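Colleague: The following file, model17.txt, comprises compact mmCIF, C-alpha atoms:
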# COMPACT_ATOMS: atom_id res chain seq x y z
CA MET A 21 112.56 -82.69 -101.52
CA ALA A 22 113.77 -84.07 -104.85
CA ARG A 23 114.62 -87.35 -103.15
CA SER A 24 111.22 -87.86 -101.52
CA SER A 25 109.33 -86.92 -104.68
CA LEU A 26 111.50 -89.21 -106.84
CA LEU A 27 110.96 -92.05 -104.38
CA GLU A 28 107.22 -91.48 -104.67
CA VAL A 29 107.24 -91.42 -108.48
CA ILE A 30 109.47 -94.45 -108.81
CA ARG A 31 106.79 -96.61 -107.19
CA GLU A 32 104.30 -95.83 -109.98
CA ASP A 33 103.12 -98.49 -112.38
CA TYR A 34 104.48 -96.89 -115.53
CA ILE A 35 108.00 -97.06 -114.13
CA ARG A 36 107.56 -100.80 -113.65
CA THR A 37 106.19 -101.04 -117.21
CA ALA A 38 109.20 -99.22 -118.58
CA ARG A 39 111.54 -101.47 -116.66
CA ALA A 40 109.60 -104.54 -117.83
CA LYS A 41 110.05 -103.42 -121.43
CA GLY A 42 113.73 -103.97 -120.80
CA LEU A 43 114.78 -100.32 -120.69
CA ASN A 44 117.99 -99.41 -118.97
CA ARG A 45 117.47 -98.22 -115.38
CA ARG A 46 119.29 -94.98 -116.11
CA VAL A 47 117.06 -94.24 -119.12
CA VAL A 48 113.93 -94.94 -117.08
CA VAL A 49 114.98 -92.61 -114.27
CA ALA A 50 116.10 -89.85 -116.63
CA LEU A 51 113.21 -89.93 -119.09
CA HIS A 52 110.24 -91.38 -117.24
CA ALA A 53 110.68 -90.62 -113.58
CA LEU A 54 112.63 -87.39 -113.39
CA PRO A 55 110.26 -85.03 -115.25
CA ASN A 56 107.38 -86.06 -113.01
CA ALA A 57 109.46 -85.97 -109.87
CA LEU A 58 110.75 -82.49 -110.68
CA LEU A 59 107.30 -80.92 -110.66
CA PRO A 60 107.02 -80.25 -106.90
CA VAL A 61 110.65 -79.13 -106.86
CA VAL A 62 109.97 -76.56 -109.56
CA THR A 63 106.84 -75.34 -107.78
CA LEU A 64 108.76 -74.95 -104.54
CA SER A 65 111.59 -73.13 -106.28
CA GLY A 66 109.08 -70.45 -107.33
CA VAL A 67 108.43 -69.67 -103.67
CA LEU A 68 112.10 -69.86 -102.76
CA LEU A 69 113.01 -67.44 -105.57
CA GLY A 70 111.30 -64.63 -103.67
CA PHE A 71 113.23 -65.60 -100.59
CA VAL A 72 116.54 -65.53 -102.45
CA LEU A 73 115.74 -62.24 -104.21
CA ALA A 74 114.88 -60.52 -100.95
CA GLY A 75 117.63 -62.33 -99.09
CA SER A 76 120.19 -60.74 -101.37
CA ILE A 77 119.48 -57.37 -99.73
CA PRO A 78 120.91 -58.11 -96.26
CA VAL A 79 123.68 -60.22 -97.80
CA GLU A 80 124.77 -57.43 -100.14
CA ARG A 81 124.57 -55.00 -97.25
CA ALA A 82 126.75 -57.25 -95.09
CA PHE A 83 129.43 -57.80 -97.70
CA GLY A 84 129.23 -54.40 -99.37
CA THR A 85 128.64 -55.85 -102.83
CA PRO A 86 127.58 -53.09 -105.22
CA GLY A 87 124.28 -54.43 -106.56
CA LEU A 88 120.55 -53.83 -106.56
CA GLY A 89 120.25 -55.13 -103.02
CA TYR A 90 122.90 -52.72 -101.78
CA ALA A 91 121.13 -49.87 -103.57
CA MET A 92 117.95 -50.92 -101.80
CA ALA A 93 119.65 -51.03 -98.39
CA LEU A 94 121.14 -47.60 -99.05
CA ALA A 95 117.80 -46.16 -100.16
CA VAL A 96 116.17 -47.49 -97.00
CA SER A 97 118.81 -46.15 -94.65
CA GLU A 98 118.71 -42.73 -96.31
CA ARG A 99 114.90 -42.66 -96.52
CA ASP A 100 115.16 -42.13 -100.27
CA VAL A 101 111.55 -42.79 -101.19
CA PHE A 102 111.78 -42.47 -104.98
CA VAL A 103 114.72 -44.84 -105.37
CA MET A 104 112.94 -47.17 -102.97
CA GLN A 105 109.69 -47.10 -104.96
CA ASN A 106 111.43 -47.85 -108.22
CA LEU A 107 113.49 -50.64 -106.74
CA VAL A 108 110.42 -52.23 -105.14
CA PHE A 109 108.65 -52.00 -108.49
CA PHE A 110 111.63 -53.48 -110.31
CA TYR A 111 111.94 -56.33 -107.81
CA ALA A 112 108.23 -57.04 -108.20
CA ILE A 113 108.60 -57.24 -111.99
CA VAL A 114 111.59 -59.57 -111.72
CA PHE A 115 109.73 -61.74 -109.22
CA VAL A 116 106.60 -61.95 -111.36
CA VAL A 117 108.59 -62.76 -114.51
CA LEU A 118 110.51 -65.47 -112.68
CA ASN A 119 107.24 -66.91 -111.43
CA ILE A 120 105.83 -66.94 -114.97
CA LEU A 121 108.96 -68.86 -116.03
CA VAL A 122 108.36 -71.31 -113.19
CA ASP A 123 104.77 -71.79 -114.35
CA LEU A 124 105.92 -72.32 -117.94
CA ILE A 125 108.50 -74.88 -116.84
CA SER A 126 105.93 -76.78 -114.80
CA ALA A 127 103.53 -76.73 -117.78
CA TRP A 128 106.33 -78.05 -119.97
CA LEU A 129 107.09 -80.80 -117.46
CA ASP A 130 103.46 -81.78 -117.00
CA PRO A 131 101.34 -81.20 -120.14
CA ARG A 132 98.19 -81.77 -118.06
CA ILE A 133 98.62 -78.29 -116.57
CA ARG A 134 96.85 -75.95 -118.95
CA TYR A 135 95.58 -72.44 -118.55
CA ARG A 136 91.82 -72.57 -118.73
CA MET B 25 68.40 -69.26 -83.20
CA SER B 26 70.79 -70.28 -80.48
CA THR B 27 73.88 -68.25 -79.74
CA ILE B 28 77.27 -69.26 -81.09
CA THR B 29 79.53 -70.36 -78.30
CA PRO B 30 83.13 -69.52 -79.12
CA ASP B 31 84.39 -72.38 -76.93
CA ALA B 32 82.72 -74.96 -79.10
CA ALA B 33 84.03 -73.38 -82.24
CA LEU B 34 87.59 -73.34 -81.00
CA GLN B 35 87.72 -76.92 -79.81
CA PRO B 36 90.51 -78.84 -81.57
CA PRO B 37 89.12 -81.55 -83.87
CA LEU B 38 91.66 -84.16 -82.79
CA GLN B 39 89.79 -84.81 -79.54
CA THR B 40 89.00 -88.53 -79.54
CA GLY B 41 88.37 -89.66 -75.93
CA SER B 42 84.88 -90.78 -74.98
CA ALA B 43 84.67 -88.90 -71.68
CA THR B 44 85.71 -85.27 -71.75
CA PRO B 45 88.22 -84.57 -68.96
CA SER B 46 89.10 -81.07 -67.85
CA LEU B 47 90.84 -78.79 -70.32
CA PRO B 48 94.37 -78.79 -68.78
CA ARG B 49 94.37 -82.58 -68.60
CA ARG B 50 93.23 -82.82 -72.20
CA ILE B 51 96.02 -80.49 -73.32
CA ALA B 52 98.55 -82.50 -71.31
CA ARG B 53 97.35 -85.72 -72.94
CA ASN B 54 97.58 -84.24 -76.42
CA LEU B 55 101.07 -82.97 -75.66
CA ARG B 56 102.14 -86.42 -74.42
CA ARG B 57 100.80 -87.97 -77.58
CA PHE B 58 102.64 -85.37 -79.64
CA ALA B 59 105.90 -86.19 -77.83
CA ARG B 60 105.42 -89.92 -78.40
CA ARG B 61 104.66 -89.59 -82.07
CA SER B 62 107.52 -87.31 -82.98
CA PRO B 63 110.14 -86.99 -80.23
CA MET B 64 112.35 -84.92 -82.53
CA SER B 65 109.86 -82.11 -82.95
CA ALA B 66 108.90 -82.35 -79.29
CA PHE B 67 112.56 -81.70 -78.50
CA TRP B 68 112.59 -78.63 -80.76
CA GLY B 69 109.27 -77.61 -79.25
CA CYS B 70 110.95 -77.63 -75.82
CA ILE B 71 113.73 -75.42 -77.18
CA ALA B 72 111.16 -73.04 -78.65
CA ALA B 73 109.37 -72.97 -75.28
CA ALA B 74 112.70 -72.31 -73.54
CA ILE B 75 113.32 -69.37 -75.87
CA VAL B 76 109.87 -67.99 -75.11
CA VAL B 77 110.51 -68.36 -71.36
CA MET B 78 113.88 -66.64 -71.83
CA ALA B 79 112.14 -63.73 -73.54
CA ILE B 80 109.55 -63.39 -70.78
CA ALA B 81 112.08 -63.64 -67.95
CA ALA B 82 114.76 -61.57 -69.73
CA PRO B 83 115.42 -59.05 -66.91
CA ALA B 84 115.81 -61.87 -64.39
CA ILE B 85 118.20 -63.96 -66.51
CA ALA B 86 120.38 -61.30 -68.12
CA PRO B 87 123.53 -60.63 -66.06
CA TYR B 88 123.79 -56.94 -67.05
CA ASN B 89 121.57 -54.11 -68.18
CA PRO B 90 121.52 -54.42 -72.02
CA LEU B 91 121.60 -50.63 -72.47
CA LYS B 92 124.33 -49.78 -69.97
CA SER B 93 127.83 -49.25 -71.31
CA ASP B 94 130.89 -50.40 -69.44
CA PHE B 95 133.73 -48.24 -70.70
CA ARG B 96 136.37 -50.48 -69.18
CA ALA B 97 135.29 -53.34 -71.50
CA MET B 98 134.83 -52.06 -75.03
CA THR B 99 134.93 -54.59 -77.90
CA LYS B 100 136.32 -57.27 -75.60
CA PRO B 101 136.22 -60.96 -76.63
CA PRO B 102 134.28 -63.45 -74.46
CA SER B 103 135.69 -63.72 -70.92
CA GLU B 104 134.46 -64.69 -67.42
CA ARG B 105 133.05 -61.20 -66.91
CA HIS B 106 131.19 -61.09 -70.23
CA TYR B 107 130.47 -64.61 -71.43
CA PHE B 108 129.58 -63.48 -74.97
CA GLY B 109 132.00 -60.55 -75.07
CA SER B 110 131.02 -56.89 -75.25
CA ASP B 111 130.35 -54.50 -78.11
CA GLN B 112 132.09 -51.30 -79.13
CA ILE B 113 130.50 -49.16 -76.41
CA GLY B 114 130.89 -51.84 -73.76
CA ARG B 115 127.42 -53.36 -73.65
CA ASP B 116 127.25 -57.02 -72.64
CA THR B 117 126.42 -59.16 -75.68
CA LEU B 118 124.85 -61.98 -73.63
CA SER B 119 122.39 -59.57 -72.01
CA ARG B 120 121.62 -58.04 -75.37
CA VAL B 121 120.99 -61.41 -76.98
CA ILE B 122 118.65 -62.36 -74.12
CA HIS B 123 116.81 -59.05 -74.26
CA GLY B 124 116.78 -59.16 -78.06
CA SER B 125 114.62 -62.26 -77.96
CA ARG B 126 111.83 -60.12 -76.45
CA ALA B 127 111.51 -57.80 -79.43
CA SER B 128 112.01 -60.57 -81.98
CA LEU B 129 109.42 -62.90 -80.46
CA THR B 130 106.88 -60.18 -79.73
CA ILE B 131 107.06 -59.00 -83.32
CA ALA B 132 107.08 -62.48 -84.83
CA ILE B 133 104.18 -63.77 -82.76
CA GLY B 134 102.21 -60.54 -83.05
CA ALA B 135 102.68 -60.35 -86.81
CA VAL B 136 101.90 -64.00 -87.45
CA VAL B 137 98.80 -64.00 -85.24
CA LEU B 138 97.54 -60.75 -86.74
CA GLY B 139 98.39 -61.52 -90.37
CA THR B 140 97.43 -65.17 -90.46
CA THR B 141 94.18 -64.55 -88.59
CA LEU B 142 93.18 -61.73 -90.91
CA GLY B 143 94.15 -63.83 -93.92
CA ALA B 144 92.33 -66.88 -92.57
CA LEU B 145 89.09 -64.97 -91.94
CA TRP B 146 89.36 -63.37 -95.35
CA GLY B 147 90.02 -66.74 -96.96
CA LEU B 148 87.07 -68.20 -95.06
CA ALA B 149 84.76 -65.53 -96.44
CA CYS B 150 86.24 -65.89 -99.96
CA GLY B 151 85.89 -69.64 -100.05
CA TYR B 152 82.44 -69.63 -98.50
CA PHE B 153 80.76 -66.90 -100.53
CA GLY B 154 82.64 -67.32 -103.80
CA GLY B 155 81.42 -65.25 -106.73
CA ARG B 156 82.54 -61.71 -107.42
CA PHE B 157 83.79 -61.11 -103.87
CA ASP B 158 86.08 -64.10 -104.23
CA ILE B 159 87.41 -63.01 -107.64
CA ILE B 160 88.21 -59.49 -106.45
CA SER B 161 89.80 -60.77 -103.25
CA GLN B 162 91.97 -63.20 -105.16
CA ARG B 163 93.27 -60.37 -107.33
CA VAL B 164 94.13 -58.35 -104.22
CA ILE B 165 95.92 -61.36 -102.70
CA GLU B 166 97.80 -61.92 -105.96
CA PHE B 167 98.87 -58.29 -105.82
CA LEU B 168 100.24 -58.84 -102.30
CA GLN B 169 101.98 -62.00 -103.45
CA SER B 170 103.72 -60.38 -106.39
CA PHE B 171 106.25 -58.74 -104.05
CA PRO B 172 108.92 -60.75 -102.29
CA ASP B 173 108.07 -60.79 -98.55
CA LEU B 174 111.01 -58.83 -97.25
CA ILE B 175 110.75 -56.14 -99.91
CA LEU B 176 107.07 -55.53 -99.24
CA ALA B 177 107.71 -55.45 -95.48
CA MET B 178 110.59 -53.00 -96.01
CA ALA B 179 108.48 -50.71 -98.16
CA ILE B 180 105.60 -50.67 -95.67
CA ALA B 181 107.87 -50.25 -92.65
CA MET B 182 109.64 -47.38 -94.37
CA ALA B 183 106.38 -45.71 -95.37
CA LEU B 184 104.92 -45.94 -91.87
CA GLY B 185 108.06 -44.98 -89.93
CA ALA B 186 110.01 -46.91 -87.31
CA GLY B 187 108.56 -48.56 -84.23
CA MET B 188 107.35 -51.88 -82.92
CA GLY B 189 103.73 -51.46 -84.04
CA THR B 190 104.84 -50.54 -87.55
CA VAL B 191 107.06 -53.58 -87.90
CA ILE B 192 104.29 -55.86 -86.66
CA VAL B 193 101.84 -54.38 -89.19
CA ALA B 194 104.40 -54.55 -92.01
CA ILE B 195 105.17 -58.22 -91.43
CA ALA B 196 101.49 -59.03 -90.80
CA ILE B 197 100.53 -57.64 -94.21
CA THR B 198 103.01 -59.96 -95.93
CA ARG B 199 101.46 -62.93 -94.07
CA ILE B 200 97.86 -62.20 -95.14
CA SER B 201 98.18 -63.75 -98.60
CA PHE B 202 99.43 -67.09 -97.24
CA GLY B 203 96.62 -67.40 -94.69
CA GLY B 204 94.07 -66.37 -97.28
CA ARG B 205 95.24 -68.87 -99.91
CA VAL B 206 95.50 -71.88 -97.63
CA ILE B 207 92.26 -71.38 -95.71
CA ARG B 208 90.33 -70.58 -98.90
CA ALA B 209 91.45 -73.88 -100.44
CA VAL B 210 90.39 -75.75 -97.29
CA VAL B 211 87.02 -74.02 -97.17
CA LEU B 212 86.36 -74.65 -100.88
CA SER B 213 86.60 -78.39 -100.35
CA LEU B 214 84.76 -78.28 -97.00
CA LYS B 215 81.69 -76.40 -98.11
CA GLU B 216 80.71 -79.13 -100.58
CA LEU B 217 80.54 -81.71 -97.78
CA THR B 218 77.19 -83.15 -96.75
CA TYR B 219 77.16 -81.87 -93.20
CA VAL B 220 77.48 -78.28 -94.36
CA GLU B 221 74.63 -78.86 -96.79
CA ALA B 222 72.63 -80.41 -93.94
CA ALA B 223 73.28 -77.38 -91.75
CA ARG B 224 72.06 -75.14 -94.56
CA GLY B 225 69.03 -77.40 -94.98
CA ILE B 226 68.10 -76.93 -91.33
CA GLY B 227 68.16 -73.22 -91.98
CA ALA B 228 71.37 -72.17 -90.23
CA SER B 229 72.55 -68.68 -91.08
CA HIS B 230 75.75 -68.06 -93.07
CA LEU B 231 77.50 -66.77 -89.97
CA ARG B 232 76.54 -69.82 -87.96
CA ILE B 233 77.67 -72.26 -90.67
CA MET B 234 80.98 -70.45 -91.01
CA ALA B 235 81.65 -70.21 -87.28
CA GLN B 236 80.25 -73.53 -86.08
CA HIS B 237 80.77 -75.92 -88.95
CA ILE B 238 83.62 -74.68 -91.12
CA LEU B 239 85.89 -72.77 -88.73
CA PRO B 240 86.74 -75.74 -86.45
CA GLN B 241 88.06 -77.64 -89.48
CA CYS B 242 90.34 -74.73 -90.30
CA ILE B 243 92.11 -74.84 -86.92
CA ALA B 244 94.63 -77.50 -87.99
CA PRO B 245 95.83 -75.76 -91.19
CA TYR B 246 95.84 -72.48 -89.27
CA LEU B 247 98.12 -73.87 -86.57
CA ILE B 248 100.45 -75.44 -89.15
CA LEU B 249 100.62 -72.20 -91.08
CA ALA B 250 101.18 -70.07 -87.99
CA THR B 251 104.06 -72.14 -86.59
CA THR B 252 105.86 -72.47 -89.92
CA HIS B 253 105.50 -68.76 -90.58
CA LEU B 254 106.89 -67.79 -87.16
CA GLY B 255 110.35 -68.65 -88.46
CA VAL B 256 109.88 -66.57 -91.60
CA ALA B 257 108.58 -63.67 -89.52
CA ILE B 258 111.66 -63.80 -87.27
CA ILE B 259 113.93 -63.73 -90.32
CA ILE B 260 112.06 -60.78 -91.82
CA GLU B 261 112.17 -58.95 -88.49
CA ALA B 262 115.91 -59.52 -88.17
CA SER B 263 116.48 -58.36 -91.76
CA LEU B 264 114.42 -55.22 -91.15
CA GLY B 265 116.43 -54.49 -88.02
CA PHE B 266 119.64 -55.18 -89.91
CA LEU B 267 118.69 -52.76 -92.68
CA GLY B 268 117.67 -50.08 -90.21
CA VAL B 269 113.89 -49.96 -90.66
CA GLY B 270 113.06 -52.08 -87.63
CA ILE B 271 112.89 -50.97 -84.04
CA PRO B 272 115.03 -47.86 -83.49
CA PRO B 273 118.59 -48.62 -82.29
CA PRO B 274 118.98 -48.40 -78.51
CA THR B 275 116.53 -51.30 -78.07
CA PRO B 276 118.43 -54.56 -78.49
CA THR B 277 117.04 -56.84 -81.20
CA TRP B 278 119.03 -59.50 -82.99
CA GLY B 279 118.84 -57.64 -86.30
CA ASN B 280 119.96 -54.36 -84.69
CA MET B 281 122.89 -56.12 -83.03
CA LEU B 282 124.05 -57.49 -86.38
CA ALA B 283 123.71 -54.04 -87.94
CA ASP B 284 125.72 -52.52 -85.05
CA SER B 285 128.44 -55.10 -85.47
CA LEU B 286 129.05 -53.87 -89.03
CA ASN B 287 130.04 -50.47 -87.62
CA ALA B 288 132.57 -51.99 -85.26
CA GLY B 289 135.38 -52.03 -87.77
CA LEU B 290 136.29 -53.22 -91.22
CA VAL B 291 135.96 -56.85 -90.18
CA PRO B 292 133.39 -57.13 -87.37
CA PRO B 293 134.61 -58.95 -84.22
CA TRP B 294 133.39 -62.55 -84.43
CA TRP B 295 131.52 -62.59 -81.11
CA LEU B 296 129.33 -59.67 -82.16
CA VAL B 297 128.21 -61.56 -85.28
CA LEU B 298 128.17 -65.14 -84.09
CA PHE B 299 125.91 -64.88 -81.04
CA PRO B 300 122.98 -62.87 -82.43
CA GLY B 301 123.25 -64.88 -85.67
CA ALA B 302 123.23 -68.15 -83.76
CA ALA B 303 120.23 -66.94 -81.73
CA ILE B 304 118.29 -66.21 -84.94
CA THR B 305 119.28 -69.54 -86.49
CA LEU B 306 118.37 -71.55 -83.40
CA THR B 307 115.01 -69.84 -82.93
CA VAL B 308 114.02 -70.18 -86.58
CA LEU B 309 115.14 -73.82 -86.65
CA ALA B 310 113.19 -74.60 -83.47
CA PHE B 311 109.96 -73.04 -84.74
CA ASN B 312 110.28 -74.59 -88.22
CA LEU B 313 110.87 -78.11 -86.92
CA LEU B 314 108.07 -77.69 -84.38
CA GLY B 315 105.84 -76.61 -87.26
CA ASP B 316 106.88 -79.67 -89.26
CA GLY B 317 105.97 -81.89 -86.32
CA ILE B 318 102.60 -80.23 -85.89
CA ARG B 319 101.94 -80.63 -89.61
CA ASP B 320 102.83 -84.32 -89.53
CA ILE B 321 100.31 -84.86 -86.75
CA LEU B 322 97.48 -82.59 -87.78
CA ASP B 323 97.51 -82.89 -91.57
CA PRO B 324 95.19 -85.77 -92.45
CA ARG B 325 96.82 -86.26 -95.85
CA LEU B 326 100.23 -86.80 -94.28
CA ARG B 327 98.97 -88.86 -91.35
CA GLY B 328 100.64 -92.27 -91.38
CA ALA B 329 103.26 -91.22 -93.90
CA VAL B 330 106.57 -90.02 -92.54
Represent the supplied structure as structure tokens.

Modeller:
Amino acid sequence: MARSSLLEVIREDYIRTARAKGLNRRVVVALHALPNALLPVVTLSGVLLGFVLAGSIPVERAFGTPGLGYAMALAVSERDVFVMQNLVFFYAIVFVVLNILVDLISAWLDPRIRYR
Amino acid sequence: MSTITPDAALQPPLQTGSATPSLPRRIARNLRRFARRSPMSAFWGCIAAAIVVMAIAAPAIAPYNPLKSDFRAMTKPPSERHYFGSDQIGRDTLSRVIHGSRASLTIAIGAVVLGTTLGALWGLACGYFGGRFDIISQRVIEFLQSFPDLILAMAIAMALGAGMGTVIVAIAITRISFGGRVIRAVVLSLKELTYVEAARGIGASHLRIMAQHILPQCIAPYLILATTHLGVAIIIEASLGFLGVGIPPPTPTWGNMLADSLNAGLVPPWWLVLFPGAAITLTVLAFNLLGDGIRDILDPRLRGAV
């Protein structure tokens, strides 16, 4: 993902301009290409965060790690509705906050993205 | 006003031949073209098809009854009698893996078809009508999206009680938002096109424009979405089974088998974990790569690019 998007960005004109100015290749990649190439990666990571958050439940159940996921698995197997409700709510808050962070990072990377 | 023929609406847009041959031949030709353009995903498509066939023909293929215990072979490693070993009450793991594919595939396909179709129709209406209906619908979809998939599915499955129908509904609800988002975006760009305007100019009704002119263009994104989400649905189904809110235990599903293996001792015997896990991995991989291949061929933006 990062590779294909960097390959796409590196073909842009402004990269050639930067190289023509005589800038070091490493500087060009780090300062000109990387922020733009990271944008799709950051967007994708927002989706994957949900996957990882939820994926921690079966993993914690399998390895018996005492954590939120294990509490969730326990609440489900014991039909403990109140614990379940609160954990679902908590997970939703964490997920939403993480997604706001992802949006902020992508706005920081690409100043064209603005909330209208 | 003429009647809307569903056949015309469902015709795939990639049909290019001048003469229209019979439907089976057309499908065969499209499949051949698919295999030529991306042999890799055709290969994974064959594996996915093999898994589906395995699920349908499960009773004929499986060497033993998946529910019958053999008390002479309890927790035995793989041997000539039981190729994949047997579990703690002597059930044959190979038979259970084969039968498990039935539940997993039924749920995955049922949930994806139900959820994505509902979402797609909803997205179609949202994108087409716009306005207040669209704004309210988007808020509802955002609400659905603010929960991680598995957690929402768990909560719904737990609230509705165990059973196959429940699990299908629970996973389908988590799929609605994806279908809605994608199809709405497609429809938003489509409805500004000239031919839609022309259809409205002739005096076609909203229903006719949506069904005849916009829906056929949504088939490609729908197919892409459905195949890629099959893999996710299988994972969610297995996780639900693993956590004990899926199909109730005696029925073999891959998730249930993994959950059972945890009770087989402090460290579960490797054959009880490896084979259902490998079955899940292989199935998800097959459907994902098939979905990638379908996307490469059907998505006009990616056409030509690799």

Colleague: Residues of chain A within 8 Å of chain B, using all atoms listed in the file, as a ChimeraX atom specification?

Modeller: /A:70-71,73-75,78,81-82,93,96-97,99,104-105,108,111-112,115-116

Colleague: Contacts of segment 120-132 of chain A at 8 Å or less, counting only C-alpha atoms, minus same-chain residues fewer than 2 places along, as a list in words?

Modeller: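 That gives Pro55, Asn56, Leu58, Leu59, Val62, Thr63, Ser65, Gly66, Val116, Val117, Leu118 and Arg134 of chain A.
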
Colleague: Separation of atom CA of Ser161 of chain B and atom CA of Leu142 of chain B, in Å?

Modeller: 12.8 Å

Colleague: For atom CA of Phe110 of chain A and atom CA of Thr198 of chain B, determine how far apart the two atoms are, in Å to one decimal place.

Modeller: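 Computed distance, atom CA of Phe110 of chain A to atom CA of Thr198 of chain B, equals 18.0 Å.
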
Colleague: What's the 9 Å shell around Phe58 of chain B, counting only C-alpha atoms, without same-chain residues fewer than 4 positions away, as a list in words?

Modeller: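 So, after excluding close chain neighbours, the residues are Arg53, Asn54, Ser62, Pro63, Ser65, Ala66, Gly317, Ile318 and Ile321 of chain B.
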
Colleague: What does the distance between atom CA of Leu138 of chain B and atom CA of Gly270 of chain B come to in Å, to one decimal place?

Modeller: 17.8 Å

Colleague: Report as AutoDock Vina command-line options the centre and the edge lengths, in Å to one decimal, of the axis-aligned box holding every listed atom of segment 51-60 of chain A, padded by 5 Å on each side.

Modeller:
--center_x 110.1 --center_y -85.8 --center_z -113.0 --size_x 16.2 --size_y 21.1 --size_z 22.2

Colleague: Leaving out Glu80 of chain A and any residue of its chain fewer than 3 positions from it, which residues lie within 10 Å of it when counting only C-alpha atoms, given as a PyMOL selection string?

Modeller: chain A and resi 75-77+83-93

Colleague: Save out the residues we just selected, C-alpha atoms, as an mmCIF file, in the frame of the given file.

Modeller:
data_model
loop_
_atom_site.group_PDB
_atom_site.id
_atom_site.type_symbol
_atom_site.label_atom_id
_atom_site.label_comp_id
_atom_site.auth_asym_id
_atom_site.auth_seq_id
_atom_site.Cartn_x
_atom_site.Cartn_y
_atom_site.Cartn_z
ATOM 1 C CA GLY A 75 117.630 -62.330 -99.090
ATOM 2 C CA SER A 76 120.190 -60.740 -101.370
ATOM 3 C CA ILE A 77 119.480 -57.370 -99.730
ATOM 4 C CA PHE A 83 129.430 -57.800 -97.700
ATOM 5 C CA GLY A 84 129.230 -54.400 -99.370
ATOM 6 C CA THR A 85 128.640 -55.850 -102.830
ATOM 7 C CA PRO A 86 127.580 -53.090 -105.220
ATOM 8 C CA GLY A 87 124.280 -54.430 -106.560
ATOM 9 C CA LEU A 88 120.550 -53.830 -106.560
ATOM 10 C CA GLY A 89 120.250 -55.130 -103.020
ATOM 11 C CA TYR A 90 122.900 -52.720 -101.780
ATOM 12 C CA ALA A 91 121.130 -49.870 -103.570
ATOM 13 C CA MET A 92 117.950 -50.920 -101.800
ATOM 14 C CA ALA A 93 119.650 -51.030 -98.390
#

Colleague: Counting all atoms listed in the file, which residue out of B:Ile122, B:Val76, B:Ala250, B:Ile71 sits closest to Pro300 of chain B?

Modeller: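 Smallest distance to Pro300 of chain B is found for B:Ile122.
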
Colleague: Could you rebuild segment 22-33 of chain A with N, CA and C atoms and give me the result as a compact mmCIF listing (two decimals), keeping the file's coordinate frame?

Modeller:
# COMPACT_ATOMS: atom_id res chain seq x y z
N ALA A 22 113.67 -83.33 -103.59
CA ALA A 22 113.77 -84.07 -104.85
C ALA A 22 113.80 -85.57 -104.58
N ARG A 23 114.49 -85.94 -103.48
CA ARG A 23 114.62 -87.35 -103.15
C ARG A 23 113.25 -87.94 -102.82
N SER A 24 112.49 -87.28 -101.94
CA SER A 24 111.22 -87.86 -101.52
C SER A 24 110.26 -87.93 -102.69
N SER A 25 110.29 -86.90 -103.58
CA SER A 25 109.33 -86.92 -104.68
C SER A 25 109.74 -87.97 -105.72
N LEU A 26 111.06 -88.17 -105.89
CA LEU A 26 111.50 -89.21 -106.84
C LEU A 26 111.15 -90.59 -106.30
N LEU A 27 111.31 -90.76 -104.98
CA LEU A 27 110.96 -92.05 -104.38
C LEU A 27 109.48 -92.35 -104.56
N GLU A 28 108.66 -91.29 -104.52
CA GLU A 28 107.22 -91.48 -104.67
C GLU A 28 106.90 -91.88 -106.11
N VAL A 29 107.55 -91.18 -107.07
CA VAL A 29 107.24 -91.42 -108.48
C VAL A 29 107.71 -92.80 -108.90
N ILE A 30 108.84 -93.22 -108.33
CA ILE A 30 109.47 -94.45 -108.81
C ILE A 30 108.63 -95.68 -108.46
N ARG A 31 107.66 -95.50 -107.53
CA ARG A 31 106.79 -96.61 -107.19
C ARG A 31 105.62 -96.75 -108.15
N GLU A 32 105.46 -95.80 -109.07
CA GLU A 32 104.30 -95.83 -109.98
C GLU A 32 104.37 -97.00 -110.94
N ASP A 33 103.20 -97.33 -111.49
CA ASP A 33 103.12 -98.49 -112.38
C ASP A 33 103.91 -98.30 -113.67
